[in-house]
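K.L.:
Before I ask anything, let me first share the structure, which is written out below as C-alpha cells.
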Amino acid sequence: MESVARGGTRWKRFAVVMVPSVAATAAIGVALSQGALAASFSVSGQQFKVTAKELNGKGFVQYGALDSGKSGNHPVAVVGLEEAEITNLCQSVVVPVPVFGDVSMTLKAGGEGGPKVEAKKLYIDADDLKANATFNKVDIGVSVDQTTKGPGPAKGDKYAPDSFAQQAESVQFTDVKQRAWATTAGTFKLSGLGMSVKKGKHECY
C-alpha cells in the first residue's frame, strides 16, 4: 500500500484504510467519559446493513467519531461525500418485535438499467465496511479540522479536534458491504425505490 500518495492509489479492501480512523475513536471515548465532549447525536439501538454494486463519489473525507443513544456510545468511521452516484442500493434493518418475532424492512433503489441513486452531502457512520476501492489524489493523515477536498466534519459530529483524517478528490467503491448506525444527506434521490416488510430475517447480506 502506498502512503501519502498524490496521484491515484488503489487498495483491494476498504477495511485497510478504515482501521486508522476507527482506532482514533479511542481518544474520543476518553474525552466523552471526562465530560470534554457532549453526546448530542442520538441514534437508535439498532444497526442496519447496506450493499451497493458501485458507488462513485466526488469530494471524499473520512474521520473517526462517536454516535450515541440510549443503547450506549458507538465508535464509528464517518465517510463524507460531496456528491455520490450509487448502483443497486440495498438497505435492510431487522426489528425484534416481542411475541411476534423478527421483522425485516428492506429498501432497494437504483437498479441496473435505470437511473442511479443520487446523493449530495452524504455522510455514513459505519463500524464495518468492506469494498474494492480506488482513491484519486488522496491525502492520508491530514487533520480532520484541515480537510479541504470533502464536505468536512458533519455538523453535530463528536470527534477529537485535530485527529486523524483522510481525503481524496474522488473515489470509486465496488461490491460494497457495510454495517452502519446512521446515514444523513443534504439530498437523497432514490430512483426506482421499492420497499418490503417481511417476518423473519431478510438482510441485504
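FYI, nothing fancy with the C-alpha cells labels: chains A, B, ... in order, residues from 1 per chain, ligands from 1 as they appear.
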Which neighbours of Val142 in chain A fall inside 12 Å, counting only C-alpha atoms, when residues of the same chain fewer than 6 positions from it are skipped, and could you give them as a ChimeraX atom specification?
P.N.:
/A:4,20-21,61-63,148-149,152,161-168
K.L.:
For Lys58 in chain A, please output as a list in words all residues within 9 Å (counting only C-alpha atoms; exclusion window: fewer than 5 positions along the same chain).
P.N.:
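In the requested format, the answer is Leu81, Glu82, Glu83, Ala84, Lys149, Gly150, Ala168, Glu169, Ser170, Val171 and Gln172 of chain A.
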K.L.:
Which is closest to Leu193 in chain A among A:Leu89, A:Ala109, A:Val43, A:Ala119, if we use only C-alpha atoms?
P.N.:
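So, comparing all the options, the nearest one is A:Ala109.
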K.L.:
Between A:Phe100, A:Asn73, A:Lys158, A:Ile124, which one has atoms that come closest to Val144 in chain A, using only C-alpha atoms?
P.N.:
A:Lys158
K.L.:
Among range 55-204 of chain A, which residues does DSSP mark as strand (DSSP E or B) when it is run on the backbone? Keep the chain and numbering as in the structure and answer as a PDB file with C-alpha atoms, in the first residue's frame.
P.N.:
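That gives us result33.pdb:
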ATOM      1  CA  LEU A  55     -20.560   3.931  -5.666  1.00  0.00           C
ATOM      2  CA  ASN A  56     -18.834   6.821  -7.421  1.00  0.00           C
ATOM      3  CA  GLY A  57     -18.194   9.875  -5.286  1.00  0.00           C
ATOM      4  CA  LYS A  58     -16.643  13.315  -5.521  1.00  0.00           C
ATOM      5  CA  GLY A  59     -15.094  15.108  -2.555  1.00  0.00           C
ATOM      6  CA  PHE A  60     -14.273  12.337  -0.058  1.00  0.00           C
ATOM      7  CA  VAL A  61     -13.372  12.665   3.631  1.00  0.00           C
ATOM      8  CA  GLN A  62     -13.125  10.068   6.404  1.00  0.00           C
ATOM      9  CA  TYR A  63     -12.593  10.503  10.141  1.00  0.00           C
ATOM     10  CA  GLY A  64     -13.364   8.866  13.486  1.00  0.00           C
ATOM     11  CA  ALA A  65     -16.377   9.980  15.521  1.00  0.00           C
ATOM     12  CA  LEU A  66     -18.820   8.817  18.165  1.00  0.00           C
ATOM     13  CA  ASP A  67     -22.549   8.146  17.760  1.00  0.00           C
ATOM     14  CA  SER A  68     -24.570   7.985  20.971  1.00  0.00           C
ATOM     15  CA  GLY A  69     -28.036   6.908  22.044  1.00  0.00           C
ATOM     16  CA  GLY A  72     -24.704   3.485  24.547  1.00  0.00           C
ATOM     17  CA  ASN A  73     -21.776   5.077  22.733  1.00  0.00           C
ATOM     18  CA  HIS A  74     -20.710   3.690  19.361  1.00  0.00           C
ATOM     19  CA  PRO A  75     -17.308   4.478  17.770  1.00  0.00           C
ATOM     20  CA  VAL A  76     -17.704   4.904  14.017  1.00  0.00           C
ATOM     21  CA  ALA A  77     -15.688   5.761  10.933  1.00  0.00           C
ATOM     22  CA  VAL A  78     -17.563   8.537   9.152  1.00  0.00           C
ATOM     23  CA  VAL A  79     -17.379   8.682   5.350  1.00  0.00           C
ATOM     24  CA  GLY A  80     -18.407  12.045   3.913  1.00  0.00           C
ATOM     25  CA  LEU A  81     -19.006  12.724   0.202  1.00  0.00           C
ATOM     26  CA  GLU A  82     -19.894  15.956  -1.579  1.00  0.00           C
ATOM     27  CA  GLU A  83     -21.689  14.001  -4.301  1.00  0.00           C
ATOM     28  CA  ALA A  84     -22.363  10.313  -4.903  1.00  0.00           C
ATOM     29  CA  GLU A  85     -23.991   8.069  -7.503  1.00  0.00           C
ATOM     30  CA  ILE A  86     -24.941   4.566  -6.385  1.00  0.00           C
ATOM     31  CA  THR A  87     -25.944   1.483  -8.389  1.00  0.00           C
ATOM     32  CA  LEU A  89     -28.514   0.083  -3.438  1.00  0.00           C
ATOM     33  CA  CYS A  90     -29.983  -2.193  -0.760  1.00  0.00           C
ATOM     34  CA  GLN A  91     -30.669  -1.209   2.848  1.00  0.00           C
ATOM     35  CA  SER A  92     -32.088  -3.541   5.478  1.00  0.00           C
ATOM     36  CA  VAL A  93     -32.921  -3.439   9.166  1.00  0.00           C
ATOM     37  CA  VAL A  94     -34.243  -6.227  11.369  1.00  0.00           C
ATOM     38  CA  VAL A  95     -36.627  -5.179  14.160  1.00  0.00           C
ATOM     39  CA  PRO A  96     -37.273  -7.652  17.000  1.00  0.00           C
ATOM     40  CA  VAL A  97     -40.965  -7.492  17.918  1.00  0.00           C
ATOM     41  CA  GLY A 101     -40.537 -12.246  16.365  1.00  0.00           C
ATOM     42  CA  ASP A 102     -38.152 -10.552  13.926  1.00  0.00           C
ATOM     43  CA  VAL A 103     -39.486  -8.257  11.214  1.00  0.00           C
ATOM     44  CA  SER A 104     -37.269  -7.131   8.318  1.00  0.00           C
ATOM     45  CA  MET A 105     -37.664  -3.915   6.343  1.00  0.00           C
ATOM     46  CA  THR A 106     -35.724  -3.735   3.094  1.00  0.00           C
ATOM     47  CA  LEU A 107     -35.314  -0.802   0.706  1.00  0.00           C
ATOM     48  CA  LYS A 108     -33.910  -1.145  -2.802  1.00  0.00           C
ATOM     49  CA  ALA A 109     -33.232   1.531  -5.430  1.00  0.00           C
ATOM     50  CA  VAL A 117     -29.340   6.761  -6.679  1.00  0.00           C
ATOM     51  CA  GLU A 118     -28.025  10.313  -6.278  1.00  0.00           C
ATOM     52  CA  ALA A 119     -26.914  11.973  -3.049  1.00  0.00           C
ATOM     53  CA  LYS A 120     -25.316  15.251  -2.018  1.00  0.00           C
ATOM     54  CA  LYS A 121     -23.561  15.993   1.272  1.00  0.00           C
ATOM     55  CA  LEU A 122     -23.763  12.308   2.133  1.00  0.00           C
ATOM     56  CA  TYR A 123     -22.432  11.053   5.498  1.00  0.00           C
ATOM     57  CA  ILE A 124     -22.250   7.385   6.501  1.00  0.00           C
ATOM     58  CA  ASP A 125     -21.472   6.415  10.116  1.00  0.00           C
ATOM     59  CA  ALA A 126     -20.243   2.817   9.902  1.00  0.00           C
ATOM     60  CA  ASP A 127     -18.334   0.423  12.139  1.00  0.00           C
ATOM     61  CA  ASP A 128     -17.796  -2.227   9.474  1.00  0.00           C
ATOM     62  CA  LEU A 129     -17.293  -1.625   5.761  1.00  0.00           C
ATOM     63  CA  LYS A 130     -15.763  -3.756   3.016  1.00  0.00           C
ATOM     64  CA  ALA A 131     -15.336  -2.917  -0.665  1.00  0.00           C
ATOM     65  CA  ASN A 132     -12.926  -2.691  -3.554  1.00  0.00           C
ATOM     66  CA  ALA A 133     -11.804   0.936  -3.611  1.00  0.00           C
ATOM     67  CA  THR A 134      -9.935   3.393  -5.813  1.00  0.00           C
ATOM     68  CA  PHE A 135      -8.930   6.825  -4.458  1.00  0.00           C
ATOM     69  CA  ASN A 136      -7.770   9.703  -6.660  1.00  0.00           C
ATOM     70  CA  LYS A 137      -5.449  12.403  -5.271  1.00  0.00           C
ATOM     71  CA  VAL A 138      -5.623  11.097  -1.727  1.00  0.00           C
ATOM     72  CA  ASP A 139      -4.129  12.608   1.441  1.00  0.00           C
ATOM     73  CA  ILE A 140      -3.746  10.275   4.437  1.00  0.00           C
ATOM     74  CA  GLY A 141      -3.115  11.624   7.920  1.00  0.00           C
ATOM     75  CA  VAL A 142      -4.494  15.129   7.454  1.00  0.00           C
ATOM     76  CA  SER A 143      -6.078  16.840  10.476  1.00  0.00           C
ATOM     77  CA  LYS A 158     -18.465  14.316  18.041  1.00  0.00           C
ATOM     78  CA  PHE A 164      -6.618  11.648  12.065  1.00  0.00           C
ATOM     79  CA  ALA A 165      -8.499  12.013   8.795  1.00  0.00           C
ATOM     80  CA  GLN A 166      -8.034  11.299   5.106  1.00  0.00           C
ATOM     81  CA  GLN A 167      -9.409  12.912   1.991  1.00  0.00           C
ATOM     82  CA  ALA A 168      -9.499  12.457  -1.777  1.00  0.00           C
ATOM     83  CA  GLU A 169     -10.789  14.338  -4.790  1.00  0.00           C
ATOM     84  CA  SER A 170     -12.815  11.332  -5.956  1.00  0.00           C
ATOM     85  CA  VAL A 171     -13.437   7.687  -5.067  1.00  0.00           C
ATOM     86  CA  GLN A 172     -14.927   4.567  -6.576  1.00  0.00           C
ATOM     87  CA  PHE A 173     -16.200   1.688  -4.436  1.00  0.00           C
ATOM     88  CA  THR A 174     -17.449  -1.604  -5.870  1.00  0.00           C
ATOM     89  CA  ASP A 175     -19.075  -4.595  -4.154  1.00  0.00           C
ATOM     90  CA  VAL A 176     -19.840  -2.543  -1.059  1.00  0.00           C
ATOM     91  CA  LYS A 177     -20.995  -4.164   2.193  1.00  0.00           C
ATOM     92  CA  GLN A 178     -21.384  -2.049   5.309  1.00  0.00           C
ATOM     93  CA  ARG A 179     -22.934  -2.058   8.755  1.00  0.00           C
ATOM     94  CA  ALA A 180     -23.924   1.404   9.917  1.00  0.00           C
ATOM     95  CA  TRP A 181     -25.520   3.324  12.772  1.00  0.00           C
ATOM     96  CA  ALA A 182     -26.612   6.370  10.772  1.00  0.00           C
ATOM     97  CA  THR A 183     -26.735   7.947   7.318  1.00  0.00           C
ATOM     98  CA  THR A 184     -27.502  11.584   6.572  1.00  0.00           C
ATOM     99  CA  THR A 187     -30.468  15.403  -0.688  1.00  0.00           C
ATOM    100  CA  PHE A 188     -31.045  11.699  -1.366  1.00  0.00           C
ATOM    101  CA  LYS A 189     -32.769  10.807  -4.655  1.00  0.00           C
ATOM    102  CA  GLY A 194     -39.030  -0.426  -3.629  1.00  0.00           C
ATOM    103  CA  MET A 195     -39.786  -1.385  -0.017  1.00  0.00           C
ATOM    104  CA  SER A 196     -40.726  -4.699   1.546  1.00  0.00           C
ATOM    105  CA  VAL A 197     -41.620  -5.717   5.097  1.00  0.00           C
ATOM    106  CA  LYS A 198     -41.402  -9.428   5.944  1.00  0.00           C
ATOM    107  CA  LYS A 199     -41.441 -11.626   9.007  1.00  0.00           C
TER     108      LYS A 199
END
K.L.:
So which residues of chain A fall under alpha helix (DSSP H) by DSSP, listed as a list in words?
P.N.:
Phe14, Ala15, Val16, Val17, Met18, Val19, Pro20, Ser21, Val22, Ala23, Ala24, Thr25, Ala26, Ala27, Ile28, Gly29, Val30, Ala31, Leu32 and Ser33 of chain A
K.L.:
Kindly save the residues from that selection, with C-alpha atoms included, as a PDB file, in the first residue's frame.
P.N.:
ATOM      1  CA  PHE A  14     -11.516  -0.568   2.056  1.00  0.00           C
ATOM      2  CA  ALA A  15     -11.180  -2.028   5.558  1.00  0.00           C
ATOM      3  CA  VAL A  16      -7.398  -1.481   5.372  1.00  0.00           C
ATOM      4  CA  VAL A  17      -7.975   2.261   5.100  1.00  0.00           C
ATOM      5  CA  MET A  18     -10.715   2.280   7.696  1.00  0.00           C
ATOM      6  CA  VAL A  19      -8.585   0.920  10.558  1.00  0.00           C
ATOM      7  CA  PRO A  20      -6.718   4.145  11.495  1.00  0.00           C
ATOM      8  CA  SER A  21      -9.963   6.140  11.691  1.00  0.00           C
ATOM      9  CA  VAL A  22     -11.602   3.579  13.949  1.00  0.00           C
ATOM     10  CA  ALA A  23      -8.510   3.432  16.182  1.00  0.00           C
ATOM     11  CA  ALA A  24      -8.628   7.217  16.545  1.00  0.00           C
ATOM     12  CA  THR A  25     -12.031   6.976  18.235  1.00  0.00           C
ATOM     13  CA  ALA A  26     -10.379   5.690  21.430  1.00  0.00           C
ATOM     14  CA  ALA A  27      -9.400   9.265  22.268  1.00  0.00           C
ATOM     15  CA  ILE A  28     -12.999  10.354  21.669  1.00  0.00           C
ATOM     16  CA  GLY A  29     -14.298   7.789  24.151  1.00  0.00           C
ATOM     17  CA  VAL A  30     -11.874   9.058  26.796  1.00  0.00           C
ATOM     18  CA  ALA A  31     -12.885  12.677  26.151  1.00  0.00           C
ATOM     19  CA  LEU A  32     -16.573  11.767  26.421  1.00  0.00           C
ATOM     20  CA  SER A  33     -16.091   9.964  29.729  1.00  0.00           C
TER      21      SER A  33
END
K.L.:
Have a look at CA of Asp157 in chain A and CA of Ala185 in chain A and let me know their distance in Å, one decimal.
P.N.:
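If I compute the distance from CA of Asp157 in chain A to CA of Ala185 in chain A, I get 13.7 Å.
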K.L.:
Out of A:Ser191, A:Pro98, A:Ser42, A:Tyr205, which residue has the shortest atom-to-atom distance to Gly156 in chain A when counting only C-alpha atoms?
P.N.:
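Comparing A:Ser191, A:Pro98, A:Ser42, A:Tyr205 against Gly156 in chain A, the winner is A:Ser42.
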K.L.:
Just the number, please: distance in Å from CA of Gly110 in chain A to CA of Asn88 in chain A, one decimal.
P.N.:
5.0 Å
